[in-house]
>>> print(open('entry.txt').read())   # compact mmCIF, C-alpha atoms and all ligand atoms
# COMPACT_ATOMS: atom_id res chain seq x y z
CA MET A 5 -3.96 12.61 23.17
CA SER A 6 -5.54 9.49 24.57
CA SER A 7 -9.17 8.61 24.82
CA PRO A 8 -11.00 8.06 28.10
CA ASN A 9 -11.44 4.40 27.20
CA ASP A 10 -9.03 3.85 24.31
CA THR A 11 -11.13 0.98 23.03
CA THR A 12 -10.86 -0.42 19.55
CA VAL A 13 -13.51 0.66 17.07
CA GLU A 14 -15.97 -2.14 16.39
CA ARG A 15 -16.04 -3.90 13.04
CA ARG A 16 -18.94 -4.84 10.81
CA ARG A 17 -19.11 -7.28 7.94
CA PHE A 18 -18.82 -5.72 4.49
CA GLY A 19 -22.23 -6.79 3.21
CA ARG A 20 -22.43 -10.53 2.61
CA PHE A 21 -18.71 -10.69 1.87
CA ASP A 22 -15.77 -11.94 3.93
CA ASP A 23 -14.13 -8.60 4.74
CA GLU A 24 -14.75 -6.67 7.92
CA VAL A 25 -14.45 -2.90 8.17
CA SER A 26 -14.42 -0.51 11.10
CA GLU A 27 -17.92 0.87 11.72
CA ILE A 28 -16.36 4.34 11.65
CA GLY A 29 -14.44 5.16 8.49
CA PHE A 30 -11.97 8.01 8.07
CA GLY A 31 -12.95 10.50 5.35
CA CYS A 32 -9.68 11.37 3.59
CA GLY A 33 -10.83 14.47 1.79
CA GLY A 34 -12.17 17.94 2.44
CA TYR A 35 -10.02 20.25 4.51
CA TRP A 36 -7.93 17.32 5.85
CA GLY A 37 -6.35 16.82 2.42
CA PHE A 38 -5.52 20.39 1.46
CA PRO A 39 -1.86 21.49 1.60
CA VAL A 40 -2.95 24.46 3.75
CA PHE A 41 -3.85 21.99 6.53
CA SER A 42 -0.68 20.91 8.34
CA GLU A 43 0.80 17.68 6.97
CA ARG A 44 1.79 16.68 10.49
CA ALA A 45 -1.69 17.25 11.92
CA ALA A 46 -3.25 15.30 9.04
CA GLU A 47 -0.84 12.41 9.66
CA THR A 48 -1.47 12.40 13.41
CA LEU A 49 -5.21 12.25 12.81
CA LEU A 50 -4.95 9.34 10.40
CA HIS A 51 -2.50 7.36 12.53
CA THR A 52 -4.57 7.92 15.68
CA ALA A 53 -7.57 6.51 13.83
CA LEU A 54 -5.55 3.51 12.60
CA ASP A 55 -4.18 2.89 16.11
CA ARG A 56 -7.76 2.72 17.37
CA GLY A 57 -8.69 0.06 14.79
CA VAL A 58 -10.05 2.18 11.94
CA ASN A 59 -9.28 0.37 8.70
CA LEU A 60 -11.84 1.91 6.34
CA LEU A 61 -10.38 4.93 4.55
CA ASP A 62 -12.39 6.80 1.95
CA THR A 63 -10.88 9.13 -0.62
CA GLY A 64 -11.24 10.23 -4.23
CA PRO A 65 -9.14 11.62 -7.11
CA ASN A 66 -10.81 15.03 -6.95
CA TYR A 67 -10.74 15.30 -3.14
CA SER A 68 -8.85 18.29 -1.73
CA GLY A 69 -7.76 19.45 -5.16
CA GLY A 70 -6.09 16.07 -5.82
CA ASN A 71 -3.89 16.16 -2.72
CA ALA A 72 -5.98 13.81 -0.55
CA GLU A 73 -4.86 10.63 -2.31
CA VAL A 74 -1.25 11.80 -2.27
CA ARG A 75 -1.44 12.42 1.47
CA LEU A 76 -3.16 9.16 2.21
CA GLY A 77 -0.62 7.20 0.16
CA LYS A 78 2.26 8.89 1.97
CA PHE A 79 0.84 8.25 5.44
CA LEU A 80 -0.03 4.63 4.65
CA ARG A 81 3.48 3.70 3.56
CA GLY A 82 4.34 0.55 5.52
CA ARG A 83 0.86 0.38 7.02
CA TRP A 84 -1.27 -1.12 4.24
CA ASP A 85 -1.72 -4.44 5.99
CA GLY A 86 -5.33 -4.91 7.09
CA MET A 87 -6.45 -1.63 5.51
CA PHE A 88 -9.60 -1.25 3.43
CA VAL A 89 -9.06 1.70 1.11
CA SER A 90 -11.75 3.14 -1.11
CA THR A 91 -11.28 5.57 -3.95
CA LYS A 92 -13.57 6.72 -6.74
CA VAL A 93 -13.91 7.10 -10.50
CA GLY A 94 -16.10 9.28 -12.66
CA THR A 95 -15.01 12.62 -11.24
CA THR A 96 -11.48 13.69 -12.02
CA LEU A 97 -9.31 16.76 -12.15
CA THR A 98 -7.89 18.12 -15.37
CA ASP A 99 -4.21 19.12 -15.45
CA ARG A 100 -5.44 22.66 -14.77
CA GLY A 101 -7.28 21.50 -11.64
CA LYS A 102 -10.80 21.70 -13.08
CA ILE A 103 -13.30 19.09 -11.82
CA VAL A 104 -14.80 17.09 -14.71
CA LYS A 105 -17.04 14.06 -15.10
CA ASP A 106 -15.73 11.28 -17.33
CA TRP A 107 -17.51 7.92 -17.56
CA THR A 108 -15.74 6.63 -20.67
CA VAL A 109 -13.78 3.41 -20.23
CA ASP A 110 -10.55 5.19 -21.22
CA GLY A 111 -11.33 8.02 -18.79
CA MET A 112 -12.05 5.68 -15.89
CA ARG A 113 -8.98 3.57 -16.65
CA ALA A 114 -6.74 6.65 -16.70
CA SER A 115 -8.32 8.01 -13.53
CA LEU A 116 -7.81 4.76 -11.61
CA GLU A 117 -4.21 4.44 -12.86
CA LYS A 118 -3.47 7.93 -11.52
CA SER A 119 -5.21 7.18 -8.22
CA LEU A 120 -3.14 4.01 -7.72
CA LYS A 121 0.01 5.95 -8.47
CA ARG A 122 -0.88 8.73 -6.02
CA LEU A 123 -1.80 6.18 -3.36
CA GLY A 124 1.37 4.15 -4.00
CA THR A 125 -0.39 0.83 -4.50
CA ASP A 126 -1.38 -1.56 -7.27
CA ARG A 127 -4.86 -2.32 -5.90
CA VAL A 128 -7.63 -0.73 -3.89
CA HIS A 129 -10.15 -2.62 -1.82
CA LEU A 130 -13.14 -0.65 -3.08
CA LEU A 131 -13.71 1.45 -6.19
CA GLN A 132 -16.83 3.62 -6.06
CA LEU A 133 -18.51 5.35 -8.97
CA HIS A 134 -18.82 8.96 -7.86
CA SER A 135 -22.44 10.03 -8.44
CA PRO A 136 -23.03 8.22 -11.77
CA THR A 137 -26.07 8.74 -13.99
CA LEU A 138 -28.58 6.01 -14.90
CA GLU A 139 -26.95 5.76 -18.34
CA VAL A 140 -23.65 4.80 -16.72
CA ILE A 141 -25.27 2.02 -14.70
CA ARG A 142 -26.92 0.73 -17.90
CA ASP A 143 -23.77 1.01 -20.02
CA ASP A 144 -22.62 -2.56 -20.68
CA GLY A 145 -19.19 -1.36 -21.81
CA ALA A 146 -18.57 0.54 -18.57
CA MET A 147 -19.92 -2.29 -16.41
CA GLY A 148 -17.83 -4.85 -18.30
CA PHE A 149 -14.70 -2.78 -17.80
CA LEU A 150 -15.37 -2.41 -14.07
CA ALA A 151 -16.05 -6.14 -13.69
CA SER A 152 -12.72 -6.87 -15.41
CA LEU A 153 -10.91 -4.76 -12.80
CA ARG A 154 -12.40 -6.98 -10.12
CA GLU A 155 -11.47 -10.15 -11.98
CA LYS A 156 -7.87 -8.94 -12.32
CA GLY A 157 -7.79 -8.05 -8.62
CA THR A 158 -7.02 -4.36 -9.25
CA VAL A 159 -10.10 -3.60 -7.16
CA GLY A 160 -11.63 -5.79 -4.48
CA TYR A 161 -15.22 -4.55 -4.69
CA LEU A 162 -17.27 -2.18 -6.82
CA GLY A 163 -19.54 0.40 -5.26
CA LEU A 164 -21.17 3.71 -5.98
CA SER A 165 -21.94 6.91 -4.14
CA SER A 166 -25.47 7.81 -5.10
CA SER A 167 -29.11 8.31 -4.17
CA GLY A 168 -32.69 7.81 -5.45
CA ASP A 169 -33.41 6.03 -8.72
CA VAL A 170 -29.77 5.63 -9.70
CA ALA A 171 -28.94 3.89 -6.42
CA ARG A 172 -32.02 1.70 -6.82
CA ALA A 173 -31.06 0.76 -10.39
CA ALA A 174 -27.54 -0.04 -9.23
CA ILE A 175 -28.84 -2.34 -6.48
CA GLU A 176 -31.07 -4.14 -8.98
CA SER A 177 -28.27 -4.42 -11.55
CA GLY A 178 -26.23 -6.78 -9.36
CA HIS A 179 -22.99 -5.12 -10.57
CA PHE A 180 -22.12 -3.56 -7.22
CA GLN A 181 -21.16 -4.83 -3.79
CA SER A 182 -21.68 -1.55 -1.92
CA VAL A 183 -23.54 1.73 -2.01
CA MET A 184 -22.72 5.00 -0.25
CA VAL A 185 -25.63 7.26 0.68
CA THR A 186 -26.13 10.39 2.73
CA TYR A 187 -27.42 9.26 6.11
CA ASN A 188 -27.65 11.43 9.20
CA VAL A 189 -30.09 12.84 11.77
CA GLY A 190 -31.47 15.29 9.25
CA HIS A 191 -31.48 13.00 6.24
CA HIS A 192 -32.57 9.48 7.09
CA ARG A 193 -36.10 9.02 5.79
CA GLU A 194 -34.95 9.78 2.23
CA SER A 195 -32.29 7.04 2.24
CA GLY A 196 -34.16 4.57 4.46
CA ASP A 197 -35.62 2.43 1.65
CA ILE A 198 -32.41 2.33 -0.34
CA ILE A 199 -30.44 1.28 2.72
CA ARG A 200 -32.91 -1.54 3.44
CA GLU A 201 -32.94 -2.69 -0.20
CA ALA A 202 -29.14 -2.64 -0.47
CA ALA A 203 -28.65 -4.50 2.80
CA GLY A 204 -31.37 -6.96 1.77
CA ALA A 205 -29.39 -7.64 -1.41
CA GLY A 206 -26.30 -8.38 0.69
CA MET A 207 -24.54 -5.13 -0.20
CA ALA A 208 -22.46 -3.05 2.20
CA VAL A 209 -23.91 0.40 2.96
CA LEU A 210 -21.62 3.31 3.71
CA GLY A 211 -23.12 6.41 5.33
CA LYS A 212 -21.65 9.68 4.07
CA SER A 213 -21.95 13.01 5.93
CA PRO A 214 -23.05 11.06 9.04
CA LEU A 215 -22.73 14.11 11.30
CA ALA A 216 -24.74 16.30 8.92
CA HIS A 217 -21.61 18.49 8.85
CA ALA A 218 -22.29 19.20 12.58
CA LEU A 219 -24.35 22.22 11.46
CA TYR A 220 -26.51 22.00 14.63
CA ASP A 221 -23.40 22.41 16.85
CA PRO A 222 -23.07 26.10 17.92
CA SER A 223 -19.29 25.72 18.35
CA LEU A 224 -18.96 25.43 14.54
CA TYR A 225 -19.90 29.12 14.27
CA ARG A 226 -17.45 30.32 16.95
CA VAL A 227 -14.73 30.55 14.35
CA ARG A 228 -11.27 29.69 15.70
CA SER A 229 -9.67 28.01 12.73
CA LEU A 230 -9.42 28.39 8.98
CA SER A 231 -11.07 24.98 8.59
CA GLN A 232 -14.25 26.35 10.19
CA VAL A 233 -14.39 29.17 7.65
CA TRP A 234 -14.00 26.55 4.91
CA TYR A 235 -16.76 24.37 6.41
CA ILE A 236 -19.18 27.30 6.71
CA LEU A 237 -18.50 28.35 3.12
CA ARG A 238 -18.97 24.73 1.99
CA ALA A 239 -22.32 24.58 3.78
CA LEU A 240 -23.39 27.87 2.20
CA LYS A 241 -22.43 26.53 -1.22
CA THR A 242 -23.74 22.97 -1.05
CA SER A 243 -26.16 22.74 1.84
CA ARG A 244 -28.13 25.96 2.38
CA ARG A 245 -31.26 23.96 3.11
CA GLY A 246 -29.30 21.95 5.65
CA LEU A 247 -28.03 25.12 7.32
CA ALA A 248 -31.58 26.43 7.69
CA ARG A 249 -32.95 23.13 8.95
CA ALA A 250 -30.09 22.48 11.39
CA ARG A 251 -31.86 24.72 13.89
CA ARG A 252 -34.44 21.96 14.36
CA TYR A 253 -31.73 19.61 15.56
CA ARG A 254 -30.31 21.97 18.16
CA PHE A 255 -32.06 19.90 20.87
CA LEU A 256 -29.24 17.38 20.36
CA ASN A 257 -27.04 19.76 22.34
CA ASP A 258 -29.17 19.17 25.46
CA ILE A 259 -29.20 15.39 25.85
CA GLU A 260 -27.78 14.28 29.16
CA GLY A 261 -24.64 12.17 28.79
CA TRP A 262 -24.23 12.92 25.09
CA THR A 263 -22.71 15.66 23.00
CA ALA A 264 -24.74 16.63 19.93
CA THR A 265 -22.29 14.99 17.54
CA SER A 266 -21.93 11.79 19.60
CA ALA A 267 -25.72 11.43 19.66
CA ALA A 268 -25.90 12.15 15.92
CA LEU A 269 -23.26 9.53 15.20
CA ARG A 270 -24.86 6.95 17.51
CA PHE A 271 -28.12 7.47 15.63
CA VAL A 272 -26.37 6.43 12.40
CA LEU A 273 -24.56 3.45 13.96
CA ASP A 274 -27.77 2.21 15.59
CA ASN A 275 -29.00 1.34 12.11
CA GLN A 276 -27.64 -2.19 11.73
CA ASN A 277 -28.03 -1.99 7.95
CA ILE A 278 -25.31 0.65 7.91
CA THR A 279 -21.89 -0.95 7.51
CA ALA A 280 -19.91 2.16 8.40
CA ALA A 281 -20.19 5.91 8.92
CA ILE A 282 -17.51 7.86 7.05
CA ILE A 283 -16.54 10.97 9.00
CA GLY A 284 -14.34 13.87 8.02
CA THR A 285 -12.47 15.76 10.74
CA THR A 286 -9.45 18.00 11.19
CA LYS A 287 -9.43 18.01 15.01
CA LEU A 288 -7.95 15.32 17.22
CA LYS A 289 -10.44 15.87 20.01
CA HIS A 290 -13.28 15.48 17.52
CA LEU A 291 -11.77 12.32 16.09
CA ILE A 292 -11.37 10.77 19.54
CA ALA A 293 -14.88 11.77 20.59
CA ASN A 294 -16.23 10.16 17.41
CA LEU A 295 -14.24 6.94 17.89
CA ASP A 296 -15.50 6.73 21.47
CA VAL A 297 -19.08 6.45 20.17
CA SER A 298 -18.28 2.99 18.81
CA GLY A 299 -19.43 0.42 21.35
CA ARG A 300 -21.67 2.84 23.25
CA PRO A 301 -25.21 1.66 23.94
CA PRO A 302 -27.98 2.79 21.58
CA LEU A 303 -29.45 6.28 21.78
CA PRO A 304 -32.27 6.63 24.32
CA GLU A 305 -35.64 5.86 22.74
CA GLU A 306 -37.08 9.29 23.50
CA VAL A 307 -34.27 10.92 21.49
CA VAL A 308 -34.94 8.65 18.52
CA ARG A 309 -38.67 9.49 18.78
CA LYS A 310 -37.90 13.20 18.81
CA LEU A 311 -35.66 12.83 15.75
CA GLU A 312 -38.49 11.02 13.94
CA GLU A 313 -40.92 13.79 14.92
CA VAL A 314 -38.57 16.51 13.72
CA ALA A 315 -37.92 14.63 10.44
CA GLY A 316 -41.69 14.38 9.94
CA GLY A 317 -42.04 18.13 10.23
CA ALA A 318 -38.84 19.07 8.43
CA GLY A 319 -39.39 17.21 5.16
CA GLY A 320 -35.77 16.05 5.45
CA GLY A 321 -32.36 17.48 4.75
CA ALA A 322 -30.05 18.85 7.46
CA GLY A 323 -26.70 18.54 5.81
CA GLY A 324 -27.00 16.58 2.61
CA GLY A 325 -23.67 15.44 1.26
CA ALA A 326 -21.68 17.05 -1.43
CA GLY A 327 -18.20 16.08 -2.39
N1 LIG B 1 -20.19 11.89 -2.95
C1 LIG B 1 -19.29 11.39 -2.12
O1 LIG B 1 -18.61 10.46 -2.47
C2 LIG B 1 -19.15 11.96 -0.75
C3 LIG B 1 -19.88 13.08 -0.37
C4 LIG B 1 -19.78 13.54 0.93
C5 LIG B 1 -18.94 12.89 1.81
N2 LIG B 1 -18.23 11.80 1.42
C6 LIG B 1 -17.32 11.09 2.35
O2 LIG B 1 -17.80 11.22 3.68
C7 LIG B 1 -16.80 11.91 4.47
C8 LIG B 1 -17.44 12.79 5.53
O3 LIG B 1 -18.39 13.63 5.00
P1 LIG B 1 -18.56 15.18 5.32
O4 LIG B 1 -17.25 15.84 5.54
O5 LIG B 1 -19.44 15.68 4.24
O6 LIG B 1 -19.46 15.27 6.60
P2 LIG B 1 -19.48 14.90 8.14
O7 LIG B 1 -18.49 13.84 8.48
O8 LIG B 1 -20.92 14.71 8.45
O9 LIG B 1 -19.05 16.25 8.84
C9 LIG B 1 -17.77 16.76 8.88
C10 LIG B 1 -17.87 18.01 9.71
O10 LIG B 1 -18.15 17.66 11.07
C11 LIG B 1 -17.17 18.23 11.93
N3 LIG B 1 -16.94 17.28 13.01
C12 LIG B 1 -16.44 16.02 12.93
N4 LIG B 1 -16.43 15.45 14.15
C13 LIG B 1 -16.91 16.37 15.03
C14 LIG B 1 -17.12 16.38 16.43
N5 LIG B 1 -16.87 15.32 17.18
N6 LIG B 1 -17.63 17.51 17.00
C15 LIG B 1 -17.92 18.60 16.25
N7 LIG B 1 -17.74 18.65 14.91
C16 LIG B 1 -17.23 17.54 14.30
C17 LIG B 1 -15.96 18.48 11.06
O11 LIG B 1 -15.24 19.59 11.57
P3 LIG B 1 -13.77 19.44 12.26
O12 LIG B 1 -12.80 19.26 11.15
O13 LIG B 1 -13.63 20.72 12.98
O14 LIG B 1 -13.86 18.24 13.15
C18 LIG B 1 -16.63 18.84 9.73
O15 LIG B 1 -17.05 20.19 9.77
C19 LIG B 1 -15.95 12.67 3.45
O16 LIG B 1 -14.66 12.93 3.93
C20 LIG B 1 -15.94 11.68 2.30
O17 LIG B 1 -14.98 10.68 2.52
C21 LIG B 1 -18.33 11.32 0.16
>>> encode(input="entry.txt", output="C-alpha cells")
Amino acid sequence: MSSPNDTTVERRRFGRFDDEVSEIGFGCGGYWGFPVFSERAAETLLHTALDRGVNLLDTGPNYSGGNAEVRLGKFLRGRWDGMFVSTKVGTTLTDRGKIVKDWTVDGMRASLEKSLKRLGTDRVHLLQLHSPTLEVIRDDGAMGFLASLREKGTVGYLGLSSSGDVARAAIESGHFQSVMVTYNVGHHRESGDIIREAAGAGMAVLGKSPLAHALYDPSLYRVRSLSQVWYILRALKTSRRGLARARRYRFLNDIEGWTATSAALRFVLDNQNITAAIIGTTKLKHLIANLDVSGRPPLPEEVVRKLEEVAGGAGGGAGGGAG
C-alpha cells in the first residue's frame, strides 16, 4: 500500500548528541510481537516503516512474551545500517515466562546478553532502564556497570522509561542521555516539566503511548480483529481511568482535515522538546496514516486551546502507558 504523499519521515536530533532519529519511532512490542499476529504482516509493517525513513525502533526483553526482540532481529537482518535500536533492562522474563524485575548488575548483564542474542547484534544504540526505582538511579554499582557498557560500545546511549521523581532524579544525575515518558493528548501536563527539564539538560525525550492508545476513536470498539480485543483488554487492565476520560477527547473525531489519531499525533510532534513519538500498530493503513503526519503543519490553535481546556477539567490521564 502506498501513501498519498510517500514522503520520508522527518528526523530530529537525539538530544545534544550527533545522532538523528525519525520523529516517529516504531514500537516493536505489544500485539505486533506476539506469534499469534502474522509474521508476514509484522514484517510488512516494519519494512514499510523503514522504507519511509523510520530508523528508531523500540523494543524490550519482556515485550510480547519475549518474541518481540526475536522478530525484530529477524526482520532487521541485512538492514541494520542507519538503524537506531532501543531495548531495555530491568524487566525480564523467567524461563517459565514470568515477568520479573531485576536491577542487580548480574541480572542486567544477563538480560542484555540475551537481548543482543535475540536481536542478532553485538550492540544496541540505546539501552533504557524499564521503570527503575529511585534506589536504582542512586546505586553507584548499577550506574558504574551501565557506564562501562557505553565505554565498551555495547550500548550507544543510556536512557530510562519513567515519570515523576525518578525521572527528575535521573535527569539531575547526569547518567542518562534520554528519557521516555508518557505524552499524549490526555497526558501532557503531568510530563510537561520533565520534558522541559530533560530537553534543557540536552537529553533526548521519547514520547510513549503518543496516541493515548486511540481510546477516543470509536472504530477501536467496532471489533473486527483479535488485536482489538487484546487492546481493549489491555486498556481495561492498565488504563481504566484513561478509558473513562477518553470520552472527553471525542471532539478530536470532528476536526476538519484531520482524523482523531492524526490530530493526536500532531499534538505530540508539535512539542519541539519531544525527539520522537513511539507508536505501536498492527495495521498498515494506520501505520501509513501515522507516518503521513510527519511534515504536516501544526495543529490549528483552536484545537490546542480546546485540548488545554479539557486537560484543565480532566485532571489528566487518557491512556497512560503501561508496558
Ligand atoms: N514503559 C515502557 O517502556 C513503555 C510503555 C508503553 C509504551 N512503550 C513504547 O511505546 C510504544 C507505543 O505505545 P502504546 O502501544 O502503549 O500506545 P499508542 O502507540 O499510543 O497506541 C497504540 C494503539 O493505537 C492504535 N493505533 C495506532 N495507529 C492508529 C491509527 N492511525 N488509527 C487508529 N488507531 C491507531 C493501535 O491499534 P492498531 O494496531 O489497530 O493500529 C493501538 O491500539 C510501544 O510499542 C512501546 O515501544 C514503552
>>> residues_near_ligand(input="entry.txt", ligand="ligand LIG 1 (chain B)", cutoff="6 Å", atoms="all atoms listed in the file", output="number ranges by chain")
A: 31-34, 62-63, 134, 165, 212-218, 235, 265, 282-287, 290-291, 293-294, 325-327
>>> residues_around(input="entry.txt", residues="Asn188 (chain A)", least_positions_apart="2", cutoff="10 Å", atoms="all atoms listed in the file", output="NGL selection string")
:A and (185-186 or 190-193 or 195 or 211-217 or 268-273 or 281 or 321-325)
>>> residues_around(input="entry.txt", residues="Ser119 (chain A)", least_positions_apart="4", cutoff="7 Å", atoms="all atoms listed in the file", output="VMD selection string")
chain A and resid 65 73 115 123
>>> closest_residue(input="entry.txt", among="A:Arg254, A:Ala264, A:Gly86, A:Asn71", to="Gly101 (chain A)", atoms="only C-alpha atoms")
A:Asn71
>>> closest_residue(input="entry.txt", among="A:Val109, A:Gly69, A:Ile103, A:Phe30", to="Met87 (chain A)", atoms="only C-alpha atoms")
A:Phe30
>>> closest_residue(input="entry.txt", among="A:Leu256, A:Leu162, A:Leu295, A:Leu116", to="Glu27 (chain A)", atoms="only C-alpha atoms")
A:Leu295
>>> closest_residue(input="entry.txt", among="A:Thr242, A:Tyr253, A:Met207, A:Ser298", to="Leu311 (chain A)", atoms="all atoms listed in the file")
A:Tyr253
>>> closest_residue(input="entry.txt", among="A:Ile141, A:Val25, A:Ala267, A:Ala315", to="Leu210 (chain A)", atoms="only C-alpha atoms")
A:Val25
>>> axis_aligned_box(input="entry.txt", around="region 253-267 of chain A", padding_each_side="6 Å", output="lines of an AutoDock Vina configuration file")
center_x = -27.0
center_y = 16.7
center_z = 22.4
size_x = 22.1
size_y = 22.5
size_z = 25.6
>>> closest_residue(input="entry.txt", among="A:Val307, A:Leu164, A:Ala205, A:Ile28", to="Asp258 (chain A)", atoms="all atoms listed in the file")
A:Val307
>>> residues_around(input="entry.txt", residues="Gly94 (chain A)", least_positions_apart="2", cutoff="6 Å", atoms="all atoms listed in the file", output="PyMOL selection string")
chain A and resi 105-107+133-134
>>> atom_distance(input="entry.txt", atom1="CA of Asp143 (chain A)", atom2="CA of Thr91 (chain A)")
20.9 Å
>>> decode(input="entry.txt", residues="region 140-170 of chain A", atoms="C-alpha atoms", output="CSV table (one decimal), in the first residue's frame")
chain,number,residue,atom,x,y,z
A,140,VAL,CA,18.4,2.1,41.2
A,141,ILE,CA,19.3,5.6,40.0
A,142,ARG,CA,21.3,6.2,43.2
A,143,ASP,CA,23.0,2.8,43.1
A,144,ASP,CA,26.7,3.5,42.2
A,145,GLY,CA,27.3,-0.1,41.3
A,146,ALA,CA,24.5,-0.2,38.8
A,147,MET,CA,25.4,3.2,37.3
A,148,GLY,CA,29.0,2.2,37.0
A,149,PHE,CA,28.1,-1.0,35.2
A,150,LEU,CA,25.9,0.8,32.8
A,151,ALA,CA,28.5,3.5,32.1
A,152,SER,CA,31.0,0.7,31.3
A,153,LEU,CA,28.7,-0.7,28.7
A,154,ARG,CA,28.8,2.7,27.0
A,155,GLU,CA,32.6,2.9,27.2
A,156,LYS,CA,32.9,-0.5,25.6
A,157,GLY,CA,30.5,0.5,22.9
A,158,THR,CA,28.0,-2.3,23.7
A,159,VAL,CA,25.4,0.4,24.0
A,160,GLY,CA,25.4,3.8,22.4
A,161,TYR,CA,23.3,5.8,24.9
A,162,LEU,CA,21.7,5.1,28.2
A,163,GLY,CA,18.1,6.1,28.9
A,164,LEU,CA,15.2,5.3,31.1
A,165,SER,CA,11.4,4.9,30.8
A,166,SER,CA,10.0,6.7,33.8
A,167,SER,CA,8.0,9.5,35.3
A,168,GLY,CA,7.8,11.9,38.3
A,169,ASP,CA,10.5,12.0,40.9
A,170,VAL,CA,12.5,9.1,39.4
